[in-house]
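Shown below: run-v1.cif, with mmCIF, C-alpha atoms.
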data_data
#
loop_
_atom_site.group_PDB
_atom_site.id
_atom_site.type_symbol
_atom_site.label_atom_id
_atom_site.label_comp_id
_atom_site.auth_asym_id
_atom_site.auth_seq_id
_atom_site.Cartn_x
_atom_site.Cartn_y
_atom_site.Cartn_z
ATOM 1 C CA MET A 226 0.000 0.000 0.000
ATOM 2 C CA LYS A 227 2.798 2.393 0.942
ATOM 3 C CA THR A 228 4.616 1.604 -2.290
ATOM 4 C CA THR A 229 1.442 2.326 -4.294
ATOM 5 C CA VAL A 230 0.977 5.710 -2.602
ATOM 6 C CA ILE A 231 4.594 6.658 -3.276
ATOM 7 C CA LEU A 232 4.200 5.620 -6.905
ATOM 8 C CA LEU A 233 1.020 7.673 -7.319
ATOM 9 C CA LEU A 234 2.664 10.702 -5.730
ATOM 10 C CA SER A 235 5.621 10.343 -8.080
ATOM 11 C CA ILE A 236 3.288 10.227 -11.085
ATOM 12 C CA VAL A 237 1.416 13.329 -9.888
ATOM 13 C CA ILE A 238 4.703 15.206 -9.378
ATOM 14 C CA LEU A 239 5.941 14.153 -12.818
ATOM 15 C CA ILE A 240 2.714 15.254 -14.494
ATOM 16 C CA SER A 241 2.786 18.579 -12.636
ATOM 17 C CA ALA A 242 6.377 19.139 -13.720
ATOM 18 C CA CYS A 243 5.510 18.453 -17.348
ATOM 19 C CA ILE A 244 2.564 20.841 -17.244
ATOM 20 C CA SER A 245 4.619 23.592 -15.600
ATOM 21 C CA THR A 246 7.337 23.364 -18.232
ATOM 22 C CA GLN A 247 5.143 23.467 -21.323
ATOM 23 C CA THR A 248 6.542 26.083 -23.682
ATOM 24 C CA ASN A 249 5.666 27.587 -27.035
ATOM 25 C CA ILE A 250 7.310 29.695 -29.716
ATOM 26 C CA THR A 251 6.181 33.167 -30.752
ATOM 27 C CA GLU A 252 7.147 34.160 -34.299
ATOM 28 C CA VAL A 253 6.886 37.849 -35.195
ATOM 29 C CA VAL A 254 7.473 39.223 -38.679
ATOM 30 C CA VAL A 255 7.700 42.981 -39.260
ATOM 31 C CA LEU A 256 7.391 44.591 -42.698
ATOM 32 C CA ARG A 257 8.262 48.283 -42.820
ATOM 33 C CA ASP A 258 7.311 50.424 -45.816
ATOM 34 C CA ILE A 259 10.157 52.728 -46.923
ATOM 35 C CA THR A 260 8.479 53.920 -50.125
ATOM 36 C CA GLU A 261 6.779 56.878 -48.431
ATOM 37 C CA LYS A 262 8.189 59.493 -46.086
ATOM 38 C CA ASN A 263 6.824 60.022 -42.556
ATOM 39 C CA MET A 264 5.634 56.420 -42.219
ATOM 40 C CA VAL A 265 4.895 55.053 -38.744
ATOM 41 C CA GLN A 266 7.970 53.287 -37.376
ATOM 42 C CA PRO A 267 8.076 50.024 -35.393
ATOM 43 C CA GLN A 268 8.527 50.616 -31.677
ATOM 44 C CA THR A 269 10.914 48.173 -30.020
ATOM 45 C CA ASP A 270 9.009 48.038 -26.727
ATOM 46 C CA ASP A 271 5.777 47.127 -28.539
ATOM 47 C CA ILE A 272 7.491 44.308 -30.413
ATOM 48 C CA LEU A 273 9.191 42.880 -27.311
ATOM 49 C CA LYS A 274 5.878 42.723 -25.428
ATOM 50 C CA LEU A 275 4.560 40.235 -27.966
ATOM 51 C CA TYR A 276 6.956 37.565 -26.645
ATOM 52 C CA ASP A 277 5.644 37.899 -23.074
ATOM 53 C CA PHE A 278 8.765 36.545 -21.388
ATOM 54 C CA ASN A 279 7.476 37.949 -18.099
ATOM 55 C CA SER A 280 4.847 35.200 -18.027
ATOM 56 C CA ASN A 281 7.165 32.394 -19.115
ATOM 57 C CA ASN A 282 10.806 33.086 -19.850
ATOM 58 C CA TRP A 283 11.324 29.511 -21.069
ATOM 59 C CA ASN A 284 9.310 30.159 -24.231
ATOM 60 C CA GLY A 285 11.029 30.489 -27.586
ATOM 61 C CA GLY A 286 10.933 33.370 -30.040
ATOM 62 C CA ILE A 287 11.634 34.190 -33.670
ATOM 63 C CA PHE A 288 11.900 37.726 -35.051
ATOM 64 C CA ARG A 289 12.136 38.511 -38.754
ATOM 65 C CA PHE A 290 12.341 41.972 -40.335
ATOM 66 C CA SER A 291 12.233 43.213 -43.908
ATOM 67 C CA ASN A 292 11.583 46.500 -45.669
ATOM 68 C CA ILE A 293 8.837 47.052 -48.215
ATOM 69 C CA SER A 294 10.410 48.884 -51.135
ATOM 70 C CA GLN A 295 10.088 49.408 -54.876
ATOM 71 C CA VAL A 296 11.056 45.763 -55.488
ATOM 72 C CA SER A 297 9.365 42.558 -54.343
ATOM 73 C CA LEU A 298 12.476 40.885 -52.883
ATOM 74 C CA ASN A 299 14.236 42.610 -49.994
ATOM 75 C CA GLN A 300 16.950 41.671 -47.545
ATOM 76 C CA THR A 301 15.713 39.959 -44.388
ATOM 77 C CA GLU A 302 17.159 40.208 -40.884
ATOM 78 C CA GLN A 303 16.368 37.454 -38.367
ATOM 79 C CA THR A 304 17.161 36.476 -34.801
ATOM 80 C CA ASN A 305 15.762 33.767 -32.551
ATOM 81 C CA ILE A 306 15.831 32.196 -29.104
ATOM 82 C CA ASN A 307 15.069 28.526 -28.507
ATOM 83 C CA SER A 308 12.457 27.370 -26.032
ATOM 84 C CA THR A 309 13.924 25.340 -23.204
ATOM 85 C CA ASN A 310 13.010 23.136 -20.249
ATOM 86 C CA GLN A 311 13.316 25.004 -16.964
ATOM 87 C CA TRP A 312 14.361 21.831 -15.122
ATOM 88 C CA LEU A 313 17.293 21.339 -17.458
ATOM 89 C CA SER A 314 18.362 24.972 -17.695
ATOM 90 C CA ASN A 315 20.102 27.624 -15.644
ATOM 91 C CA LYS A 316 17.854 30.529 -14.646
ATOM 92 C CA PHE A 317 20.601 33.168 -14.850
ATOM 93 C CA GLN A 318 21.888 31.874 -18.165
ATOM 94 C CA ARG A 319 18.324 32.005 -19.509
ATOM 95 C CA GLU A 320 17.968 35.639 -18.463
ATOM 96 C CA ASP A 321 21.160 36.441 -20.377
ATOM 97 C CA GLU A 322 19.816 34.618 -23.455
ATOM 98 C CA ILE A 323 16.602 36.648 -23.349
ATOM 99 C CA LYS A 324 18.533 39.914 -22.988
ATOM 100 C CA HIS A 325 20.681 38.960 -25.975
ATOM 101 C CA PHE A 326 17.583 38.140 -28.061
ATOM 102 C CA GLN A 327 15.945 41.444 -27.119
ATOM 103 C CA LYS A 328 19.179 43.307 -27.862
ATOM 104 C CA ASN A 329 19.299 41.743 -31.335
ATOM 105 C CA ILE A 330 15.722 42.822 -32.050
ATOM 106 C CA THR A 331 16.487 46.360 -30.910
ATOM 107 C CA GLU A 332 19.585 46.539 -33.110
ATOM 108 C CA ILE A 333 17.692 45.295 -36.173
ATOM 109 C CA ILE A 334 14.971 47.930 -35.725
ATOM 110 C CA VAL A 335 17.442 50.759 -35.000
ATOM 111 C CA LYS A 336 19.523 49.795 -38.044
ATOM 112 C CA ALA A 337 16.399 49.861 -40.219
ATOM 113 C CA GLU A 338 15.630 53.414 -39.106
ATOM 114 C CA GLN A 339 18.818 54.594 -40.827
ATOM 115 C CA VAL A 340 17.467 53.656 -44.270
ATOM 116 C CA ASP A 341 16.198 56.628 -46.286
ATOM 117 C CA ASN A 342 12.480 56.682 -47.002
ATOM 118 C CA GLY A 343 10.886 57.614 -50.289
ATOM 119 C CA LYS A 344 10.803 55.532 -53.484
ATOM 120 C CA ASP A 345 9.178 56.003 -56.890
ATOM 121 C CA ASN A 346 7.379 52.641 -56.798
ATOM 122 C CA SER A 347 6.116 50.301 -54.097
ATOM 123 C CA SER A 348 5.611 46.543 -54.198
ATOM 124 C CA ILE A 349 3.294 45.840 -51.276
ATOM 125 C CA TYR A 350 1.326 42.683 -51.967
ATOM 126 C CA LEU A 351 4.169 40.315 -52.888
ATOM 127 C CA PRO A 352 6.247 40.847 -49.703
ATOM 128 C CA ILE A 353 3.093 40.416 -47.619
ATOM 129 C CA ALA A 354 2.110 37.245 -49.481
ATOM 130 C CA LYS A 355 5.640 35.858 -49.172
ATOM 131 C CA GLU A 356 5.827 36.334 -45.395
ATOM 132 C CA LEU A 357 2.293 35.035 -44.833
ATOM 133 C CA ASN A 358 3.069 31.879 -46.776
ATOM 134 C CA LEU A 359 6.208 31.370 -44.694
ATOM 135 C CA LEU A 360 4.166 31.804 -41.517
ATOM 136 C CA SER A 361 1.550 29.366 -42.807
ATOM 137 C CA GLN A 362 4.286 26.713 -42.994
ATOM 138 C CA SER A 363 5.745 27.577 -39.591
ATOM 139 C CA LYS A 364 5.320 25.264 -36.594
ATOM 140 C CA SER A 365 5.382 28.190 -34.133
ATOM 141 C CA GLU A 366 2.381 28.228 -31.806
ATOM 142 C CA LYS A 367 1.943 32.006 -32.054
ATOM 143 C CA ARG A 368 2.462 33.638 -35.465
ATOM 144 C CA ILE A 369 2.174 37.375 -36.072
ATOM 145 C CA LEU A 370 2.720 39.606 -39.109
ATOM 146 C CA ILE A 371 2.916 43.372 -38.560
ATOM 147 C CA VAL A 372 2.806 45.600 -41.640
ATOM 148 C CA TYR A 373 3.730 49.285 -41.300
ATOM 149 C CA SER A 374 2.450 50.685 -44.592
ATOM 150 C CA ASP A 375 -0.165 52.803 -46.337
ATOM 151 C CA LEU A 376 -0.695 49.744 -48.611
ATOM 152 C CA MET A 377 -0.551 51.906 -51.766
ATOM 153 C CA GLU A 378 0.548 49.370 -54.361
ATOM 154 C CA ASN A 379 2.435 51.028 -57.231
ATOM 155 C CA THR A 380 3.959 48.653 -59.772
ATOM 156 C CA ASP A 381 3.766 48.289 -63.538
ATOM 157 C CA GLU A 382 1.195 45.499 -63.165
ATOM 158 C CA LEU A 383 -1.049 47.326 -60.701
ATOM 159 C CA SER A 384 -1.055 50.803 -59.197
ATOM 160 C CA PHE A 385 -3.541 52.320 -56.778
ATOM 161 C CA TYR A 386 -2.380 55.721 -58.029
ATOM 162 C CA ARG A 387 -4.191 54.900 -61.275
ATOM 163 C CA LYS A 388 -7.902 55.673 -60.966
ATOM 164 C CA ASN A 389 -9.048 52.541 -62.769
ATOM 165 C CA ASP A 390 -6.952 50.253 -60.587
ATOM 166 C CA PHE A 391 -8.016 51.967 -57.367
ATOM 167 C CA ALA A 392 -11.665 51.772 -58.430
ATOM 168 C CA LEU A 393 -11.422 47.971 -58.461
ATOM 169 C CA LEU A 394 -11.137 48.039 -54.673
ATOM 170 C CA LYS A 395 -14.781 49.094 -54.509
ATOM 171 C CA THR A 396 -16.333 48.003 -57.801
ATOM 172 C CA ASN A 397 -14.711 44.605 -58.346
ATOM 173 C CA PRO A 398 -12.588 43.400 -55.390
ATOM 174 C CA GLU A 399 -12.910 39.795 -56.638
ATOM 175 C CA LEU A 400 -11.128 40.716 -59.880
ATOM 176 C CA LEU A 401 -8.464 42.602 -57.922
ATOM 177 C CA GLN A 402 -7.903 39.571 -55.704
ATOM 178 C CA LYS A 403 -7.461 37.399 -58.807
ATOM 179 C CA LYS A 404 -4.902 39.885 -60.171
ATOM 180 C CA PHE A 405 -2.943 39.723 -56.921
ATOM 181 C CA GLU A 406 -3.167 35.953 -56.578
ATOM 182 C CA LYS A 407 -1.970 35.555 -60.145
ATOM 183 C CA LEU A 408 1.267 37.067 -58.845
ATOM 184 C CA SER A 409 1.298 34.882 -55.724
ATOM 185 C CA GLU A 410 -1.512 32.908 -54.139
ATOM 186 C CA ILE A 411 -1.798 33.011 -50.355
ATOM 187 C CA ASP A 412 -2.058 29.740 -48.430
ATOM 188 C CA SER A 413 -4.319 28.982 -45.469
ATOM 189 C CA LEU A 414 -3.694 31.485 -42.671
ATOM 190 C CA SER A 415 -5.512 29.770 -39.828
ATOM 191 C CA GLY A 416 -4.062 30.827 -36.475
ATOM 192 C CA ILE A 417 -2.101 33.786 -37.882
ATOM 193 C CA GLN A 418 -2.554 37.313 -36.515
ATOM 194 C CA VAL A 419 -2.034 40.201 -38.960
ATOM 195 C CA TRP A 420 -1.680 43.863 -37.965
ATOM 196 C CA PHE A 421 -1.829 46.748 -40.444
ATOM 197 C CA ILE A 422 -0.350 49.878 -38.844
ATOM 198 C CA TYR A 423 -0.697 53.316 -40.413
ATOM 199 C CA GLN A 424 -1.343 56.920 -39.322
ATOM 200 C CA PRO A 425 -2.952 58.953 -42.147
ATOM 201 C CA SER A 426 -1.631 62.477 -42.564
ATOM 202 C CA ASP A 427 -4.798 63.920 -44.114
ATOM 203 C CA LEU A 428 -8.364 63.081 -45.136
ATOM 204 C CA VAL A 429 -7.336 61.789 -48.567
ATOM 205 C CA SER A 430 -4.790 59.300 -47.229
ATOM 206 C CA ASP A 431 -7.225 58.339 -44.478
ATOM 207 C CA LYS A 432 -9.945 57.472 -47.014
ATOM 208 C CA GLN A 433 -7.513 55.606 -49.246
ATOM 209 C CA PHE A 434 -6.146 53.540 -46.378
ATOM 210 C CA ASN A 435 -9.606 52.664 -45.088
ATOM 211 C CA ILE A 436 -10.591 51.304 -48.494
ATOM 212 C CA ILE A 437 -7.370 49.372 -49.128
ATOM 213 C CA SER A 438 -7.031 47.968 -45.611
ATOM 214 C CA GLU A 439 -10.637 46.759 -45.720
ATOM 215 C CA PHE A 440 -9.861 44.932 -48.965
ATOM 216 C CA TYR A 441 -6.878 43.254 -47.303
ATOM 217 C CA ARG A 442 -8.924 42.449 -44.210
ATOM 218 C CA LYS A 443 -11.557 40.578 -46.227
ATOM 219 C CA LEU A 444 -8.930 38.824 -48.342
ATOM 220 C CA LEU A 445 -6.845 37.593 -45.401
ATOM 221 C CA GLU A 446 -9.804 36.743 -43.177
ATOM 222 C CA SER A 447 -11.180 34.597 -46.005
ATOM 223 C CA LYS A 448 -7.911 32.649 -45.695
ATOM 224 C CA GLY A 449 -8.384 32.210 -41.940
ATOM 225 C CA ALA A 450 -6.258 35.046 -40.512
ATOM 226 C CA LYS A 451 -7.271 37.350 -37.680
ATOM 227 C CA VAL A 452 -6.764 40.930 -38.908
ATOM 228 C CA SER A 453 -6.379 44.154 -36.887
ATOM 229 C CA ILE A 454 -6.091 47.651 -38.364
ATOM 230 C CA SER A 455 -4.772 50.458 -36.191
ATOM 231 C CA ALA A 456 -2.576 53.553 -35.937
ATOM 232 C CA ASN A 457 -0.317 51.681 -33.512
ATOM 233 C CA LEU A 458 0.071 48.306 -31.823
ATOM 234 C CA ASN A 459 -2.439 48.088 -28.994
ATOM 235 C CA PHE A 460 -3.084 45.122 -26.774
#
Kindly transcribe the structure held in the file into structure tokens.
Amino acid sequence: MKTTVILLLSIVILISACISTQTNITEVVVLRDITEKNMVQPQTDDILKLYDFNSNNWNGGIFRFSNISQVSLNQTEQTNINSTNQWLSNKFQREDEIKHFQKNITEIIVKAEQVDNGKDNSSIYLPIAKELNLLSQSKSEKRILIVYSDLMENTDELSFYRKNDFALLKTNPELLQKKFEKLSEIDSLSGIQVWFIYQPSDLVSDKQFNIISEFYRKLLESKGAKVSISANLNF
């Protein structure tokens, strides 16, 4: 009887230990539009909060950053921290690892701020589609895309600065979606959170952004994403 009780207690302790050490990975991708001047900039503190190390500093994290420019392919910066088992790790070493990860994120964002804004063209959809498709294939438990942009596509194939192209957003969004997906189709986005961040400077840009962001909201939500549109990250 005594042996049975000890065995049961051992099982309970083992189960409790397993539950207490469950970890997950948060993957955050930031796209920053450099084609227009005076664009809202990513704030390091807002990005770091998404990893919520204060609740569980054994969780893992991935951070990826790329500019949105006049071309569809842009250089990507990435840093990551592995999730770990608290029973097999050193608390003080883990704190140093988190600080190093946060330092890397800060350096990536600060470095990006040195890039000059303002380009003649802007390829918006393709970088977004590319990162969303990468996130759709990711095994991370928490996947987030943050896009700092006015979403004003301006390429040879499609430009929202042309009246006829912009009109499609309201008159024939299905045709516009087909035009975009002919360039790159977006996979299932179930479980992915998307943020569109922009602060309009006047009534014209405000109206334009409302129309374009609503188009993107419907497109991405139809794929399973959860979409938020705001002037800044708010939790």
Per residue of segment 368-419 of chain A within 8 Å of segment 423-438 of chain A, which atom pair is closest and at what distance in Å (one decimal), using only C-alpha atoms, listed by chain and increasing number, as a tab-separated table?
residue	atom	partner	partner_atom	distance
A:Tyr373	CA	A:Tyr423	CA	6.1
A:Ser374	CA	A:Tyr423	CA	5.9
A:Asp375	CA	A:Tyr423	CA	6.0
A:Leu376	CA	A:Ile437	CA	6.7
A:Met377	CA	A:Ile437	CA	7.7
A:Leu394	CA	A:Ile437	CA	6.8
A:Lys395	CA	A:Ile436	CA	7.7
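Minimum atom-to-atom distance to Asn299 of chain A, evaluated using all atoms listed in the file, belongs to A:Ile349 out of A:Leu444, A:Ala392, A:Ile369, A:Ile349.
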Hits of the PyMOL selection byres ((chain A and resi 250) around 8) in this structure, as a PyMOL selection string
chain A and resi 248-249+251-252+284-287+307-308+365-367
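Taking atom CA of Gly416 of chain A as the reference point, atom CA of Gln300 of chain A is found at 26.1 Å.
Nearest to Lys355 of chain A of all the residues A:Ile411, A:Val340, A:Ile333, A:Leu370 is A:Ile411, based on all atoms listed in the file.
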Using only C-alpha atoms, the best pick from A:Phe317, A:Thr269, A:Asn389, A:Val296 as closest to Glu332 of chain A would be A:Thr269
Fewer than 3 positions away in the same chain doesn't count, so skip those; otherwise give me all residues within 10 Å of Arg442 of chain A, counting only C-alpha atoms, as number ranges by chain.
A: 419-421, 436-439, 445-448, 450-454
Neighbour list for Asp390 of chain A as number ranges by chain, cut-off 9 Å, only C-alpha atoms, skip fewer than 6 positions in-chain
A: 383-384, 401
For Val255 of chain A, list every protein, DNA or RNA residue within 8 Å, evaluated using all atoms listed in the file, and leave out those in the same chain fewer than 2 positions away; present the list as a PyMOL selection string.
chain A and resi 253+257+288-291+370-373
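When atom CA of Phe326 of chain A is paired with atom CA of Phe278 of chain A, their separation reads 11.2 Å.
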Between atom CA of Asp321 of chain A and atom CA of Leu458 of chain A, distance in Å (one decimal)
26.8 Å
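With distances taken over all atoms listed in the file, A:Tyr350 is the one residue among A:Gln268, A:Gln362, A:Asn281, A:Tyr350 lying closest to Tyr441 of chain A.
Residues selected in this file by the PyMOL selection byres ((chain A and resi 408) around 12) comprise A:Ser297, A:Ser348, A:Ile349, A:Tyr350, A:Leu351, A:Pro352, A:Ile353, A:Ala354, A:Lys355, A:Thr380, A:Glu382, A:Leu383, A:Leu401, A:Gln402, A:Lys403, A:Lys404, A:Phe405, A:Glu406, A:Lys407, A:Ser409, A:Glu410, A:Ile411.
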Residue neighbourhood Asp381 of chain A, 12 Å, only C-alpha atoms, exclusion window fewer than 4 positions, as a compact mmCIF listing (two decimals) with C-alpha atoms, in the frame of the given file:
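out06.txt written:
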# COMPACT_ATOMS: atom_id res chain seq x y z
CA GLN A 295 10.09 49.41 -54.88
CA VAL A 296 11.06 45.76 -55.49
CA ASP A 345 9.18 56.00 -56.89
CA ASN A 346 7.38 52.64 -56.80
CA SER A 347 6.12 50.30 -54.10
CA SER A 348 5.61 46.54 -54.20
CA PHE A 385 -3.54 52.32 -56.78
CA TYR A 386 -2.38 55.72 -58.03
CA ARG A 387 -4.19 54.90 -61.28
CA ASP A 390 -6.95 50.25 -60.59
